[in-house]
Amino acid sequence: ISLEAAMFSAVREGEFLLYYQPIVSARTRKIEGFETLMRWKHPTLGMVPPARFIPIAETNGLINLLGAWALKAACVQLRQFEQAARRELYISVNISPRQFRSDKFLDVLDEALAISGMPGRQLVLEITEGTLMVDPAHAETILERMAGREARIAIDDFGTGYSSLAYLKRFPISVLKVDRAFIKDLPGSSKDAAICNAVLDLARHLDLSVVAEGVETEDQLGCLAERGCHYVQGYLTGKPMPPHVAIAALNDDM
Ligand code: G
Ligand code: G
Ligand code: MN
Ligand code: NA
């Protein structure tokens, strides 16, 4: 039985789960939000990584079903996180290219906000440069409608795509998520330090926030905080975790 066939039954059997990775303030290390990361807990294969099943779901269209479920469940989950934290947090959700192009996407977004009662401003939707560039005119329409709901748009894996910076001018982007490729050799690599400086400078002038991804060491965190990076995400400050562990982390984080 192929992984693809197994995915259809996995949806029925409720084998897909959501993990949450803290996004923290680089200065205070307090949790500001979470990125939602899908997991597949297969009865015999164990945890199947998203790198294996997301591309298949993107090809066979299941991503629309899975993505809609993830968006709604994550918004509902955030309310529970906020009860534990007793303060406002935000939730960041990955949107795949196919999901972004789907006719149903804005309806799903509205439904997620309606069922959770969460204000749009607490939602960040992560898309890649590639998603924008498939059909920029369509992307512009969708992004403006998303912004109309006050949801913020983050560029995921920023700096690794082949697109120009022109889209930062054209589209209502709020967040840049700097890819781990530019973080992992900090603080030793002067090239990566220069790239991070340039991105932070650009972001400051365009009034964007920056999240550094894949932060694994104190030295990396120190280097980023020193350069004025506001948010970090990575194994140093929290791995992707199930909801009850995230709630425990919030209780420890008062
Ligand atoms: O959690 P992990 O680092 O293994 O995730 C690997 C990849 O899978 C990342 O690129 C991430 O963006 C993607 N991914 C994880 N969860 C989701 C999801 O809910 N929707 C989409 N479209 N991609 C996801
Ligand atoms: O493409 P995206 O940025 O959404 O993928 C995030 C992926 O990176 C997740 O699968 C997550 O498990 C992984 N990740 C998160 N933090 C770290 C980290 O500090 N180091 C490494 N190597 N991977 C990380
Ligand atoms: Mn992401
Ligand atoms: Na990312």
# chains A, B, ... in the order shown; residues from 1 in each chain; ligands from 1

$ residues_near_ligand --ligand "ligand 4" --cutoff "8 Å" --atoms "only C-alpha atoms and all ligand atoms" --output "VMD selection string"
chain A and resid 126 156 to 158 177 to 180 213

$ residues_near_ligand --ligand "ligand 2" --cutoff "10 Å" --atoms "only C-alpha atoms and all ligand atoms" --output "ChimeraX atom specification"
/A:19-23,35-39,49-51,92-95,126-128,155-158,177-181,183-184,212-217,232-241

$ residues_around --residues "Leu123 in chain A" --least-positions-apart "3" --cutoff "7 Å" --atoms "only C-alpha atoms" --output "PyMOL selection string"
chain A and resi 90-92+120+151-152

$ select_by_dssp --residues "range 199-231 of chain A" --states "helix (DSSP H, G or I)" --output "list in words"
Val199, Leu200, Asp201, Leu202, Ala203, Arg204, His205, Leu206, Glu218, Asp219, Gln220, Leu221, Gly222, Cys223, Leu224, Ala225 and Glu226 of chain A

$ atom_distance --atom1 "CA of Gln99 in chain A" --atom2 "CA of Thr59 in chain A"
11.2 Å

$ select_by_dssp --residues "range 41-164 of chain A" --states "strand (DSSP E)" --output "list in words"
Lys41, His42, Gly46, Met47, Val48, Tyr90, Ile91, Ser92, Val93, Asn94, Leu123, Val124, Leu125, Glu126, Ile127, Thr128, Arg152, Ile153, Ala154, Ile155, Asp156, Asp157 and Phe158 of chain A

$ write_last_selection --atoms "C-alpha atoms" --output "PDB file, in the first residue's frame"
ATOM      1  CA  LYS A  41       1.321   9.620  13.306  1.00  0.00           C
ATOM      2  CA  HIS A  42       1.118   6.432  11.237  1.00  0.00           C
ATOM      3  CA  GLY A  46       5.509   6.034  13.326  1.00  0.00           C
ATOM      4  CA  MET A  47       5.909   9.757  12.729  1.00  0.00           C
ATOM      5  CA  VAL A  48       6.023  10.433   9.002  1.00  0.00           C
ATOM      6  CA  TYR A  90      -0.366  34.853  17.618  1.00  0.00           C
ATOM      7  CA  ILE A  91      -0.536  31.757  15.496  1.00  0.00           C
ATOM      8  CA  SER A  92       1.378  31.204  12.275  1.00  0.00           C
ATOM      9  CA  VAL A  93       0.140  28.654   9.726  1.00  0.00           C
ATOM     10  CA  ASN A  94       1.886  27.400   6.581  1.00  0.00           C
ATOM     11  CA  LEU A 123      -3.153  35.123  12.484  1.00  0.00           C
ATOM     12  CA  VAL A 124      -0.014  34.949  10.343  1.00  0.00           C
ATOM     13  CA  LEU A 125      -0.132  33.025   7.091  1.00  0.00           C
ATOM     14  CA  GLU A 126       3.235  31.730   5.895  1.00  0.00           C
ATOM     15  CA  ILE A 127       3.736  31.514   2.171  1.00  0.00           C
ATOM     16  CA  THR A 128       6.893  31.158   0.120  1.00  0.00           C
ATOM     17  CA  ARG A 152      -0.624  39.131   8.357  1.00  0.00           C
ATOM     18  CA  ILE A 153       1.443  37.606   5.587  1.00  0.00           C
ATOM     19  CA  ALA A 154       4.872  36.111   6.263  1.00  0.00           C
ATOM     20  CA  ILE A 155       7.398  35.130   3.626  1.00  0.00           C
ATOM     21  CA  ASP A 156       8.684  31.730   4.678  1.00  0.00           C
ATOM     22  CA  ASP A 157      12.229  30.575   3.839  1.00  0.00           C
ATOM     23  CA  PHE A 158      13.017  34.200   2.957  1.00  0.00           C
TER      24      PHE A 158
END

$ residues_around --residues "Cys196 in chain A" --least-positions-apart "2" --cutoff "12 Å" --atoms "only C-alpha atoms" --output "ChimeraX atom specification"
/A:158-159,176-187,189-194,198-203,210-213,220,223-229

$ write_last_selection --atoms "N, CA and C atoms" --output "JSON list (two decimals), in the first residue's frame"
[["chain", "number", "residue", "atom", "x", "y", "z"],
["A", 158, "PHE", "N", 12.61, 32.98, 3.66],
["A", 158, "PHE", "CA", 13.02, 34.20, 2.96],
["A", 158, "PHE", "C", 14.49, 34.15, 2.55],
["A", 159, "GLY", "N", 14.74, 34.52, 1.32],
["A", 159, "GLY", "CA", 16.11, 34.59, 0.82],
["A", 159, "GLY", "C", 16.53, 33.37, 0.01],
["A", 176, "LEU", "N", 9.09, 38.73, 7.58],
["A", 176, "LEU", "CA", 10.06, 37.93, 6.83],
["A", 176, "LEU", "C", 10.59, 36.84, 7.75],
["A", 177, "LYS", "N", 10.52, 35.60, 7.33],
["A", 177, "LYS", "CA", 11.10, 34.52, 8.10],
["A", 177, "LYS", "C", 12.40, 34.11, 7.43],
["A", 178, "VAL", "N", 13.49, 34.50, 8.07],
["A", 178, "VAL", "CA", 14.81, 34.27, 7.45],
["A", 178, "VAL", "C", 15.16, 32.80, 7.54],
["A", 179, "ASP", "N", 15.45, 32.23, 6.42],
["A", 179, "ASP", "CA", 15.71, 30.79, 6.35],
["A", 179, "ASP", "C", 16.92, 30.40, 7.20],
["A", 180, "ARG", "N", 16.83, 29.21, 7.74],
["A", 180, "ARG", "CA", 17.88, 28.63, 8.57],
["A", 180, "ARG", "C", 19.25, 28.60, 7.87],
["A", 181, "ALA", "N", 19.21, 28.56, 6.54],
["A", 181, "ALA", "CA", 20.47, 28.53, 5.77],
["A", 181, "ALA", "C", 21.36, 29.73, 6.12],
["A", 182, "PHE", "N", 20.73, 30.87, 6.48],
["A", 182, "PHE", "CA", 21.49, 32.09, 6.78],
["A", 182, "PHE", "C", 21.80, 32.23, 8.27],
["A", 183, "ILE", "N", 21.25, 31.33, 9.06],
["A", 183, "ILE", "CA", 21.40, 31.41, 10.51],
["A", 183, "ILE", "C", 22.43, 30.40, 11.02],
["A", 184, "LYS", "N", 22.47, 29.25, 10.35],
["A", 184, "LYS", "CA", 23.20, 28.13, 10.96],
["A", 184, "LYS", "C", 24.70, 28.38, 11.12],
["A", 185, "ASP", "N", 25.30, 29.21, 10.29],
["A", 185, "ASP", "CA", 26.74, 29.46, 10.43],
["A", 185, "ASP", "C", 27.07, 30.75, 11.19],
["A", 186, "LEU", "N", 26.04, 31.37, 11.79],
["A", 186, "LEU", "CA", 26.27, 32.53, 12.66],
["A", 186, "LEU", "C", 26.86, 32.02, 13.98],
["A", 187, "PRO", "N", 27.64, 32.80, 14.67],
["A", 187, "PRO", "CA", 28.13, 34.13, 14.30],
["A", 187, "PRO", "C", 29.43, 34.08, 13.50],
["A", 189, "SER", "N", 30.25, 33.06, 10.39],
["A", 189, "SER", "CA", 30.28, 33.40, 8.97],
["A", 189, "SER", "C", 30.02, 34.89, 8.75],
["A", 190, "SER", "N", 31.01, 35.59, 8.20],
["A", 190, "SER", "CA", 30.81, 37.03, 7.99],
["A", 190, "SER", "C", 29.83, 37.27, 6.85],
["A", 191, "LYS", "N", 29.74, 36.33, 5.91],
["A", 191, "LYS", "CA", 28.74, 36.49, 4.83],
["A", 191, "LYS", "C", 27.33, 36.41, 5.40],
["A", 192, "ASP", "N", 27.09, 35.41, 6.25],
["A", 192, "ASP", "CA", 25.75, 35.28, 6.82],
["A", 192, "ASP", "C", 25.43, 36.46, 7.72],
["A", 193, "ALA", "N", 26.41, 36.94, 8.45],
["A", 193, "ALA", "CA", 26.19, 38.11, 9.31],
["A", 193, "ALA", "C", 25.80, 39.31, 8.44],
["A", 194, "ALA", "N", 26.47, 39.46, 7.31],
["A", 194, "ALA", "CA", 26.16, 40.58, 6.41],
["A", 194, "ALA", "C", 24.76, 40.44, 5.83],
["A", 198, "ALA", "N", 21.64, 42.99, 6.41],
["A", 198, "ALA", "CA", 20.94, 43.61, 5.28],
["A", 198, "ALA", "C", 19.43, 43.35, 5.36],
["A", 199, "VAL", "N", 19.06, 42.13, 5.72],
["A", 199, "VAL", "CA", 17.63, 41.80, 5.83],
["A", 199, "VAL", "C", 16.99, 42.61, 6.96],
["A", 200, "LEU", "N", 17.70, 42.73, 8.09],
["A", 200, "LEU", "CA", 17.14, 43.48, 9.22],
["A", 200, "LEU", "C", 17.00, 44.96, 8.88],
["A", 201, "ASP", "N", 17.97, 45.47, 8.14],
["A", 201, "ASP", "CA", 17.93, 46.86, 7.72],
["A", 201, "ASP", "C", 16.76, 47.11, 6.77],
["A", 202, "LEU", "N", 16.65, 46.22, 5.80],
["A", 202, "LEU", "CA", 15.54, 46.29, 4.84],
["A", 202, "LEU", "C", 14.20, 46.24, 5.58],
["A", 203, "ALA", "N", 14.09, 45.31, 6.50],
["A", 203, "ALA", "CA", 12.84, 45.13, 7.24],
["A", 203, "ALA", "C", 12.49, 46.38, 8.04],
["A", 210, "VAL", "N", 10.86, 40.58, 11.54],
["A", 210, "VAL", "CA", 11.75, 39.50, 11.10],
["A", 210, "VAL", "C", 11.73, 38.39, 12.14],
["A", 211, "VAL", "N", 11.59, 37.17, 11.67],
["A", 211, "VAL", "CA", 11.75, 35.98, 12.51],
["A", 211, "VAL", "C", 12.95, 35.21, 11.97],
["A", 212, "ALA", "N", 13.95, 34.98, 12.82],
["A", 212, "ALA", "CA", 15.09, 34.15, 12.40],
["A", 212, "ALA", "C", 14.73, 32.69, 12.71],
["A", 213, "GLU", "N", 14.84, 31.85, 11.72],
["A", 213, "GLU", "CA", 14.46, 30.44, 11.88],
["A", 213, "GLU", "C", 15.66, 29.56, 12.18],
["A", 220, "GLN", "N", 24.16, 32.14, 18.38],
["A", 220, "GLN", "CA", 23.31, 32.62, 17.28],
["A", 220, "GLN", "C", 22.26, 33.59, 17.81],
["A", 223, "CYS", "N", 23.89, 36.96, 18.71],
["A", 223, "CYS", "CA", 24.26, 37.67, 17.49],
["A", 223, "CYS", "C", 23.04, 38.32, 16.84],
["A", 224, "LEU", "N", 21.91, 37.62, 16.81],
["A", 224, "LEU", "CA", 20.68, 38.14, 16.21],
["A", 224, "LEU", "C", 20.07, 39.25, 17.07],
["A", 225, "ALA", "N", 20.05, 39.04, 18.38],
["A", 225, "ALA", "CA", 19.47, 40.05, 19.28],
["A", 225, "ALA", "C", 20.28, 41.35, 19.19],
["A", 226, "GLU", "N", 21.58, 41.21, 19.14],
["A", 226, "GLU", "CA", 22.49, 42.35, 19.04],
["A", 226, "GLU", "C", 22.23, 43.18, 17.77],
["A", 227, "ARG", "N", 21.84, 42.46, 16.72],
["A", 227, "ARG", "CA", 21.57, 43.14, 15.45],
["A", 227, "ARG", "C", 20.14, 43.67, 15.35],
["A", 228, "GLY", "N", 19.36, 43.49, 16.43],
["A", 228, "GLY", "CA", 18.01, 44.05, 16.44],
["A", 228, "GLY", "C", 16.94, 43.14, 15.86],
["A", 229, "CYS", "N", 17.25, 41.84, 15.76],
["A", 229, "CYS", "CA", 16.22, 40.90, 15.30],
["A", 229, "CYS", "C", 15.22, 40.68, 16.44]]

$ residues_around --residues "Met7 in chain A" --least-positions-apart "3" --cutoff "9 Å" --atoms "only C-alpha atoms" --output "PyMOL selection string"
chain A and resi 2-4+10-12+15+40+53+57+62

$ residues_around --residues "Arg149 in chain A" --least-positions-apart "6" --cutoff "12 Å" --atoms "only C-alpha atoms" --output "list in words"
Leu106, Asp107, Leu109, Asp110, Glu111, Ala112, Leu113, Ala114, Met118, Pro119, Gly120, Arg121, Gln122, Leu123, Val124, Leu125, Ile142 and Leu143 of chain A

$ write_last_selection --atoms "C-alpha atoms" --output "PDB file, in the first residue's frame"
ATOM      1  CA  LEU A 106     -10.751  32.727   1.639  1.00  0.00           C
ATOM      2  CA  ASP A 107     -13.885  30.884   2.775  1.00  0.00           C
ATOM      3  CA  LEU A 109      -9.937  31.553   6.334  1.00  0.00           C
ATOM      4  CA  ASP A 110     -13.242  33.195   7.253  1.00  0.00           C
ATOM      5  CA  GLU A 111     -14.517  29.978   8.753  1.00  0.00           C
ATOM      6  CA  ALA A 112     -11.358  29.569  10.858  1.00  0.00           C
ATOM      7  CA  LEU A 113     -11.769  33.080  12.249  1.00  0.00           C
ATOM      8  CA  ALA A 114     -15.501  32.607  12.809  1.00  0.00           C
ATOM      9  CA  MET A 118      -9.990  34.918  16.975  1.00  0.00           C
ATOM     10  CA  PRO A 119      -9.314  38.379  15.520  1.00  0.00           C
ATOM     11  CA  GLY A 120      -7.582  38.239  12.134  1.00  0.00           C
ATOM     12  CA  ARG A 121      -4.663  40.286  13.445  1.00  0.00           C
ATOM     13  CA  GLN A 122      -3.547  37.311  15.547  1.00  0.00           C
ATOM     14  CA  LEU A 123      -3.153  35.123  12.484  1.00  0.00           C
ATOM     15  CA  VAL A 124      -0.014  34.949  10.343  1.00  0.00           C
ATOM     16  CA  LEU A 125      -0.132  33.025   7.091  1.00  0.00           C
ATOM     17  CA  ILE A 142      -5.805  37.156  -2.484  1.00  0.00           C
ATOM     18  CA  LEU A 143      -3.240  38.955  -0.319  1.00  0.00           C
TER      19      LEU A 143
END

$ closest_residue --among "A:Val175, A:Leu208, A:Val108, A:Leu89" --to "ligand 3" --atoms "only C-alpha atoms and all ligand atoms"
A:Val175

$ residues_around --residues "Gly117 in chain A" --least-positions-apart "5" --cutoff "9 Å" --atoms "only C-alpha atoms" --output "PyMOL selection string"
chain A and resi 75-76+79+112

$ write_last_selection --atoms "C-alpha atoms" --output "CSV table (one decimal), in the first residue's frame"
chain,number,residue,atom,x,y,z
A,75,CYS,CA,-7.0,29.1,15.4
A,76,VAL,CA,-9.1,27.2,17.9
A,79,ARG,CA,-7.5,30.5,22.2
A,112,ALA,CA,-11.4,29.6,10.9

$ atom_distance --atom1 "CA of Arg29 in chain A" --atom2 "CA of His230 in chain A"
9.9 Å

$ closest_residue --among "A:Ser9, A:Ser116, A:Ser96, A:Thr160" --to "ligand 3" --atoms "only C-alpha atoms and all ligand atoms"
A:Ser96

$ closest_residue --among "A:Glu88, A:Glu82, A:Glu218, A:Glu58" --to "ligand 1" --atoms "only C-alpha atoms and all ligand atoms"
A:Glu58
